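Participant: Provided herewith is a single structure, encoded as structure tokens, for subsequent inquiry.
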Amino acid sequence: MVIVVSSLDCGTTVEVMRFAFKTSPQNTTWQDMLDVWQHADDIDIFESGWTFDHFYPIFSDSTGPCLEGWTTLTRVAQLYTN
């Protein structure tokens, strides 16, 4: 978490900036996905991780594998702390 303090004409404000990461579950493997989440979990600045919930790849080869979003989140929630 990063705390940003700014001084404005109307006084001093404190705002919190949060950082997250997003993974693309298309055209990848479970092991590659878990490796990315493991590395991100080891970096303290990330507060959360995200993935999409589409059943088919939407940005590339639509014949390749696409890990289902809710199943992916369930699996990584069991393994990692953040």
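Letters A, B, ... go to the chains of the structure tokens in the order shown; residues in each chain start at 1; ligands are counted from 1 in the same order.
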Identify all residues of chain A in helix (DSSP H, G or I) (DSSP on the backbone) and supply them as a list in words.

Facilitator: Trp30, Gln31, Asp32, Met33, Leu34, Asp35, Val36, Trp37, Gln38, His39, Ala40, Asp41, Gly69, Trp70, Thr71, Thr72, Leu73, Thr74, Arg75, Val76, Ala77, Gln78 and Leu79 of chain A

Participant: Within 7 Å of range 46-55 of chain A, counting only C-alpha atoms, which residues qualify if same-chain residues fewer than 6 places away don't, as a list in words?

Facilitator: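 Listing them by chain and then by number gives Arg18, Phe19, Ala20, Phe21, Lys22, Thr23, Ser24, Pro25, Ala40, Cys66, Glu68, Gly69, Trp70 and Asn82 of chain A.
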
Participant: If I take CA of His39 in chain A and CA of Leu79 in chain A, how far is one from the other in Å, to one decimal?

Facilitator: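 Taking CA of His39 in chain A as the start and CA of Leu79 in chain A as the end point, the length is 12.0 Å.
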
Participant: Any idea what's packed within 9 Å of Thr63 in chain A, counting only C-alpha atoms, ignoring anything in its chain fewer than 4 positions away? Could you give it as a PyMOL selection string?

Facilitator: chain A and resi 27+56-57

Participant: Can you list, as a count of residues only, every residue of chain A that DSSP puts in strand (DSSP E or B)?

Facilitator: 27

Participant: For a quick check of understanding, using only C-alpha atoms, which of A:Leu67, A:Val16, A:Ile58, A:Ile45 has the smallest distance to Asp32 in chain A?

Facilitator: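 That would be A:Leu67, the residue with the smallest distance to Asp32 in chain A.
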
Participant: Please measure the separation of CA of Ser62 in chain A and CA of Gln78 in chain A, giving the value in Å to one decimal.

Facilitator: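 Separation of CA of Ser62 in chain A and CA of Gln78 in chain A: 28.7 Å.
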
Participant: Compare A:Leu34, A:Asp44, A:Thr28, A:Asp61 by their minimum atom-to-atom distance to Arg75 in chain A, counting only C-alpha atoms, and give me the closest one.

Facilitator: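 Of all the options, A:Leu34 lies closest to Arg75 in chain A.
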
Participant: Distance CA of Ile43 in chain A-CA of Gln26 in chain A, one decimal place?

Facilitator: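 Value for the CA of Ile43 in chain A-CA of Gln26 in chain A distance: 23.5 Å.
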